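Written below as structure tokens is the structure these notes are about.
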Amino acid sequence: MSESLNILMVSPELSPFAKVGGLGDCVASLSKFIAQLGHKVKVILPKYVSIKLPHNAIEHLQPIIVNMGYGTEYGKLWEIKEDYLSIYFIEFDRYYNRNGIYYDPFGDFHDNHERFAFLSRAAIDLCYYLNWIPDIIHGHDWTTGLIPVMLNTIEQHKPMGQCGSIFTIHNLQHHGYAPKSILDFLGIPYHVFHSDAVEAFGQVNMMKAGLYFASKLTTVSETYSREIQTPEFGFGLDPVLKFRAGDLIGICNGIDKQLWSPETDPFLPTKFSHTNMKGKMLCKKKLQAYCNFKIDAMTPIFGVTSRLYEQKGLDILANILPELFQNLRIQVVLLGNGDHYLESRFIEIAKKYYERCFVYIGFQEALSHLIEAGADFFVMPSRFEPCGLNQMYSMRYGTLPIARATGGLKDTIQNFSKDSSGTGFLFSELTDSALHNTILWAYETYNKQPKVIMEMRQRAMQQDFSWNTSAKKYIDVYHWAKKINYD
Ligand code: ADP
Ligand code: GLC
């Protein structure tokens with residue numbers, strides 16, 4: 001094994017404590033796997049009020065000093081020691097004592113830039129508090145974009161200035177705009193406030209800051225690493241990404257098989273595997289009963305679990321669902337929340353076709369597992385998808401994805417082909433007719449070629465979506481980033 005590294009992960013989400021989407025799952029499982037490879041990993045996230053810490057959580061009696069640009073703040077630290085890693089939660093009422101991670105029912109919190117700039121500063125000060133200078137600070141998405149800026153400016157000649165920084169793009173759409181005063185908030189000098197650094201449209205763009213200043217950049221699939229260098233997927237940051245292309249690498253996410261496996265999943269009424277698929281039928285029955293559908297093994301269920309935002313392309317599904325219900329014998333179950341307009345469109349459809357369409361607006365971990373297991377197909381018509389975890393979860397459960405060939409969906413799903421190979425159904429254009437035809441293609445195959453579908457399920461279930469390969473790639477990137485700082 002190569003030299004053991006010290007790594008601090010900084011993230012706004014970490015499953016199971018705080019999860020809005022795949023970021024929480026990704027950081028939790030990546031941290032665990034890197035630690036299992038023999039590296040020392042610590043993770044820091046806010047102690048949102050919704051987090052109920054387990055009994056073995058350690059309360060640090062000495063407060064952590066957070067060195068803000070305007071003076072000193074004091075936070076409270078909690079720690080959980082897991083088998084391989086330590087997780088730190090920073091409690092600070094002004095920013096985290098409210099319901100919601102990024103938003104509440106009234107919308108995004110107006111001070112998110114401050115809340116996460118504070119987390120970023122606290123992450124650096126955690127290292128001083130622990131008297132532990134890591135080799136690498138690994139930040140995730142815009143919320144952590146100011147960490148590399150601090151390491152290269154105010155920390156440059158201090159011990160933490162020696163750290164390499166990795167900045168991972170999980171979703172380039174969210175930039176995190178902040179007024180210029182965020183620099184004063186953290187004590188960062190104004191010379192970084194220009195368009196070849198952190199400035200965009202007269203504000204600080206926290207995503208851009210990370211992209212410019214981190215030692216190395218990663219994103220969560222190879223295809224997405226290329227896509228984001230184009231205007232179509234770059235959200236205006238493609239020139240920066242092109243500029244840094246030599247330091248950018250796409251590494252596909254893995255999944256945590258301890259949490260997402262039909263052989264062991266505690267949320268399922270019966271377990272199953274690719275060699276014994278009987279349990280999947282029972283899960284389907286249970287899902288049909290839960291949705292008040294007719295119990296019928298022959299009717300295919302199309303499942304969706306998703307944040308309901310433009311990214312996910314589910315408006316296209318809403319456009320075609322009425323026609324699908326009129327022409328095909330299908331059942332549809334959708335679990336999700338987000339955009340209120342989209343939520344209400346799906347609620348309307350479910351009211352009209354209530355015998356065959358079930359919509360649950362909200363976040364429900366247990367139902368998300370039952371959908372993966374009980375559905376026949378899983379629909380992901382994403383406009384863009386940096387990686388996507390759901391298609392990998394669904395394949396693990398023998399539920400075939402119907403997905404747009406973009407980003408990580410393209411990298412992880414093999415399209416069904418004439419020689420009957422493949423692990424899902426892909427389409428390219430995001431149009432009503434393309435999605436409609438692909439669903440029809442899956443439906444016809446299901447009805448006319450059940451053996452082919454069964455073989456596809458078994459093939460999908462045996463794909464290797466573990467972190468084994470990807471975690472090692474991160475280690476290589478850590479060494480790469482570390483060298484840059486020390487050589
Ligand atoms: P993204 O991170 O863009 O939302 P991913 O496919 O990477 O997409 O990950 C989404 C994760 O969030 C999956 O674990 C999915 O099951 C979960 N998820 C999304 N919405 C819900 C919901 N309403 N209830 C339960 N889990 C959800
Ligand atoms: C983001 C992306 C998703 C990815 C997840 C974890 O939320 O939208 O595609 O799987 O991060 O990396």
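Residue names in the structure tokens use chain letters A, B, ... in the order shown, residue numbers from 1 in each chain, and ligand numbers from 1 in the order shown.
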Which residues of chain A have any atom within 6 Å of an atom in ligand 1 when counting only C-alpha atoms and all ligand atoms, and what is the closest pair of atoms for each, with the distance in Å to one decimal? Order the rows by chain and rising number and write it as JSON lines.
{"residue": "A:Gly21", "atom": "CA", "partner": "ligand 1", "partner_atom_place_in_ligand_line": "12 (O)", "distance": 3.5}
{"residue": "A:Gly22", "atom": "CA", "partner": "ligand 1", "partner_atom_place_in_ligand_line": "9 (O)", "distance": 3.2}
{"residue": "A:Leu23", "atom": "CA", "partner": "ligand 1", "partner_atom_place_in_ligand_line": "2 (O)", "distance": 5.4}
{"residue": "A:Thr305", "atom": "CA", "partner": "ligand 1", "partner_atom_place_in_ligand_line": "20 (N)", "distance": 5.3}
{"residue": "A:Ser306", "atom": "CA", "partner": "ligand 1", "partner_atom_place_in_ligand_line": "20 (N)", "distance": 3.9}
{"residue": "A:Arg307", "atom": "CA", "partner": "ligand 1", "partner_atom_place_in_ligand_line": "20 (N)", "distance": 4.5}
{"residue": "A:Leu335", "atom": "CA", "partner": "ligand 1", "partner_atom_place_in_ligand_line": "23 (N)", "distance": 5.1}
{"residue": "A:Gly336", "atom": "CA", "partner": "ligand 1", "partner_atom_place_in_ligand_line": "23 (N)", "distance": 3.5}
{"residue": "A:Asn337", "atom": "CA", "partner": "ligand 1", "partner_atom_place_in_ligand_line": "23 (N)", "distance": 5.4}
{"residue": "A:Gly362", "atom": "CA", "partner": "ligand 1", "partner_atom_place_in_ligand_line": "23 (N)", "distance": 5.1}
{"residue": "A:Phe363", "atom": "CA", "partner": "ligand 1", "partner_atom_place_in_ligand_line": "24 (N)", "distance": 3.4}
{"residue": "A:Gln364", "atom": "CA", "partner": "ligand 1", "partner_atom_place_in_ligand_line": "24 (N)", "distance": 4.1}
{"residue": "A:Glu365", "atom": "CA", "partner": "ligand 1", "partner_atom_place_in_ligand_line": "25 (C)", "distance": 4.4}
{"residue": "A:Ser368", "atom": "CA", "partner": "ligand 1", "partner_atom_place_in_ligand_line": "25 (C)", "distance": 5.1}
{"residue": "A:Gly388", "atom": "CA", "partner": "ligand 1", "partner_atom_place_in_ligand_line": "6 (O)", "distance": 3.6}
{"residue": "A:Leu389", "atom": "CA", "partner": "ligand 1", "partner_atom_place_in_ligand_line": "6 (O)", "distance": 3.8}
{"residue": "A:Asn390", "atom": "CA", "partner": "ligand 1", "partner_atom_place_in_ligand_line": "6 (O)", "distance": 4.1}
Set the distance at 9 Å and use only C-alpha atoms: which residues neighbour Ser382 of chain A once local chain neighbours fewer than 5 positions away are removed? I'd like the list as a list in words. Glu310, Gln311, Lys312, Gly313, Leu314, Ala403, Arg404, Ala405, Thr406, Leu409 and Leu430 of chain A
Hey, what does DSSP flag as helix (DSSP H, G or I) within segment 109-199 of chain A? Can you give it to me as a VMD selection string? chain A and resid 112 to 130 142 to 144 146 to 152 159 to 162 181 to 186 190 to 192
May I have the residues within 9 Å of ligand 2, computed using only C-alpha atoms and all ligand atoms, as a CSV table (one decimal) with N, CA and C atoms, in the first residue's frame?
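Below you can see part32.csv, which holds the result:
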chain,number,residue,atom,x,y,z
A,20,VAL,N,-29.9,15.5,1.3
A,20,VAL,CA,-30.9,16.0,0.4
A,20,VAL,C,-30.9,15.2,-0.9
A,21,GLY,N,-29.7,14.8,-1.3
A,21,GLY,CA,-29.6,14.0,-2.6
A,21,GLY,C,-28.4,13.1,-2.5
A,22,GLY,N,-27.8,12.9,-3.7
A,22,GLY,CA,-26.7,11.9,-3.7
A,22,GLY,C,-25.4,12.4,-3.0
A,23,LEU,N,-25.3,13.7,-2.9
A,23,LEU,CA,-24.0,14.2,-2.2
A,23,LEU,C,-23.8,13.6,-0.9
A,24,GLY,N,-24.9,13.5,-0.1
A,24,GLY,CA,-24.7,12.9,1.3
A,24,GLY,C,-24.3,11.4,1.2
A,25,ASP,N,-24.9,10.7,0.3
A,25,ASP,CA,-24.5,9.3,0.2
A,25,ASP,C,-23.0,9.2,-0.3
A,26,CYS,N,-22.7,10.0,-1.3
A,26,CYS,CA,-21.4,9.9,-1.9
A,26,CYS,C,-20.3,10.2,-0.9
A,27,VAL,N,-20.4,11.3,-0.2
A,27,VAL,CA,-19.3,11.7,0.7
A,27,VAL,C,-19.2,10.6,1.9
A,141,ASP,N,-18.4,20.7,-3.7
A,141,ASP,CA,-19.4,21.6,-4.2
A,141,ASP,C,-19.2,23.1,-3.7
A,168,THR,N,-14.3,18.9,-5.4
A,168,THR,CA,-15.1,18.0,-6.2
A,168,THR,C,-16.4,18.6,-6.6
A,169,ILE,N,-16.7,18.6,-8.0
A,169,ILE,CA,-17.9,19.2,-8.5
A,169,ILE,C,-18.9,18.1,-8.5
A,170,HIS,N,-20.0,18.2,-7.8
A,170,HIS,CA,-21.1,17.2,-7.8
A,170,HIS,C,-22.2,17.8,-8.7
A,171,ASN,N,-22.3,19.1,-8.8
A,171,ASN,CA,-23.3,19.7,-9.6
A,171,ASN,C,-22.9,21.1,-9.9
A,172,LEU,N,-22.6,21.4,-11.2
A,172,LEU,CA,-22.1,22.7,-11.6
A,172,LEU,C,-23.2,23.8,-11.6
A,173,GLN,N,-24.4,23.3,-11.5
A,173,GLN,CA,-25.5,24.3,-11.7
A,173,GLN,C,-25.6,25.3,-10.5
A,219,THR,N,-14.6,15.6,-10.7
A,219,THR,CA,-16.0,15.5,-10.8
A,219,THR,C,-16.4,14.1,-10.9
A,220,VAL,N,-17.7,13.8,-10.9
A,220,VAL,CA,-18.2,12.5,-10.5
A,220,VAL,C,-18.5,11.5,-11.6
A,221,SER,N,-18.1,11.8,-12.8
A,221,SER,CA,-18.0,10.8,-13.9
A,221,SER,C,-17.1,11.4,-15.0
A,252,CYS,N,-15.9,8.2,-11.4
A,252,CYS,CA,-17.3,7.8,-11.2
A,252,CYS,C,-17.6,7.4,-9.7
A,253,ASN,N,-18.7,7.8,-9.2
A,253,ASN,CA,-19.1,7.4,-7.8
A,253,ASN,C,-19.2,5.9,-7.7
A,311,GLN,N,-33.2,19.9,-13.5
A,311,GLN,CA,-32.1,19.0,-13.8
A,311,GLN,C,-32.6,17.6,-14.2
A,312,LYS,N,-33.6,17.2,-13.5
A,312,LYS,CA,-34.0,15.8,-13.6
A,312,LYS,C,-34.9,15.4,-14.8
A,384,PHE,N,-29.2,17.0,-17.3
A,384,PHE,CA,-27.7,16.6,-17.1
A,384,PHE,C,-27.7,15.8,-15.8
A,385,GLU,N,-26.7,15.0,-15.7
A,385,GLU,CA,-26.6,14.1,-14.5
A,385,GLU,C,-25.1,13.9,-14.2
A,386,PRO,N,-24.5,14.6,-13.3
A,386,PRO,CA,-23.1,14.5,-13.1
A,386,PRO,C,-22.6,13.0,-12.8
A,387,CYS,N,-23.4,12.3,-12.0
A,387,CYS,CA,-23.1,10.9,-11.9
A,387,CYS,C,-24.5,10.2,-11.8
A,388,GLY,N,-25.2,10.5,-10.7
A,388,GLY,CA,-26.5,9.7,-10.5
A,388,GLY,C,-26.1,8.5,-9.7
A,389,LEU,N,-26.8,8.3,-8.6
A,389,LEU,CA,-26.6,7.1,-7.8
A,389,LEU,C,-27.8,6.2,-8.0
A,390,ASN,N,-29.0,6.8,-8.3
A,390,ASN,CA,-30.2,6.0,-8.3
A,390,ASN,C,-30.2,4.9,-9.4
A,407,GLY,N,-23.8,12.4,-18.9
A,407,GLY,CA,-23.0,12.3,-17.7
A,407,GLY,C,-22.8,10.8,-17.2
A,408,GLY,N,-23.0,10.7,-15.9
A,408,GLY,CA,-22.8,9.3,-15.3
A,408,GLY,C,-23.8,8.3,-15.7
A,409,LEU,N,-24.9,8.7,-16.2
A,409,LEU,CA,-25.9,7.7,-16.7
A,409,LEU,C,-25.3,7.0,-17.9
For segment 338-345 of chain A, find every residue with an atom within 8 Å (counting only C-alpha atoms), except residues of its own chain fewer than 5 positions away, and show them as a ChimeraX atom specification. /A:307-309,315,318,361
Please save C-alpha atoms of the selected residues as a PDB file, in the first residue's frame.
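out_21.pdb written:
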ATOM      1  CA  ARG A 307     -35.427  15.684  -6.313  1.00  0.00           C
ATOM      2  CA  LEU A 308     -38.044  17.391  -8.472  1.00  0.00           C
ATOM      3  CA  TYR A 309     -35.984  20.016 -10.235  1.00  0.00           C
ATOM      4  CA  ASP A 315     -41.369  17.647 -16.626  1.00  0.00           C
ATOM      5  CA  ALA A 318     -45.272  14.577 -16.734  1.00  0.00           C
ATOM      6  CA  ILE A 361     -44.394  14.295  -2.176  1.00  0.00           C
TER       7      ILE A 361
END
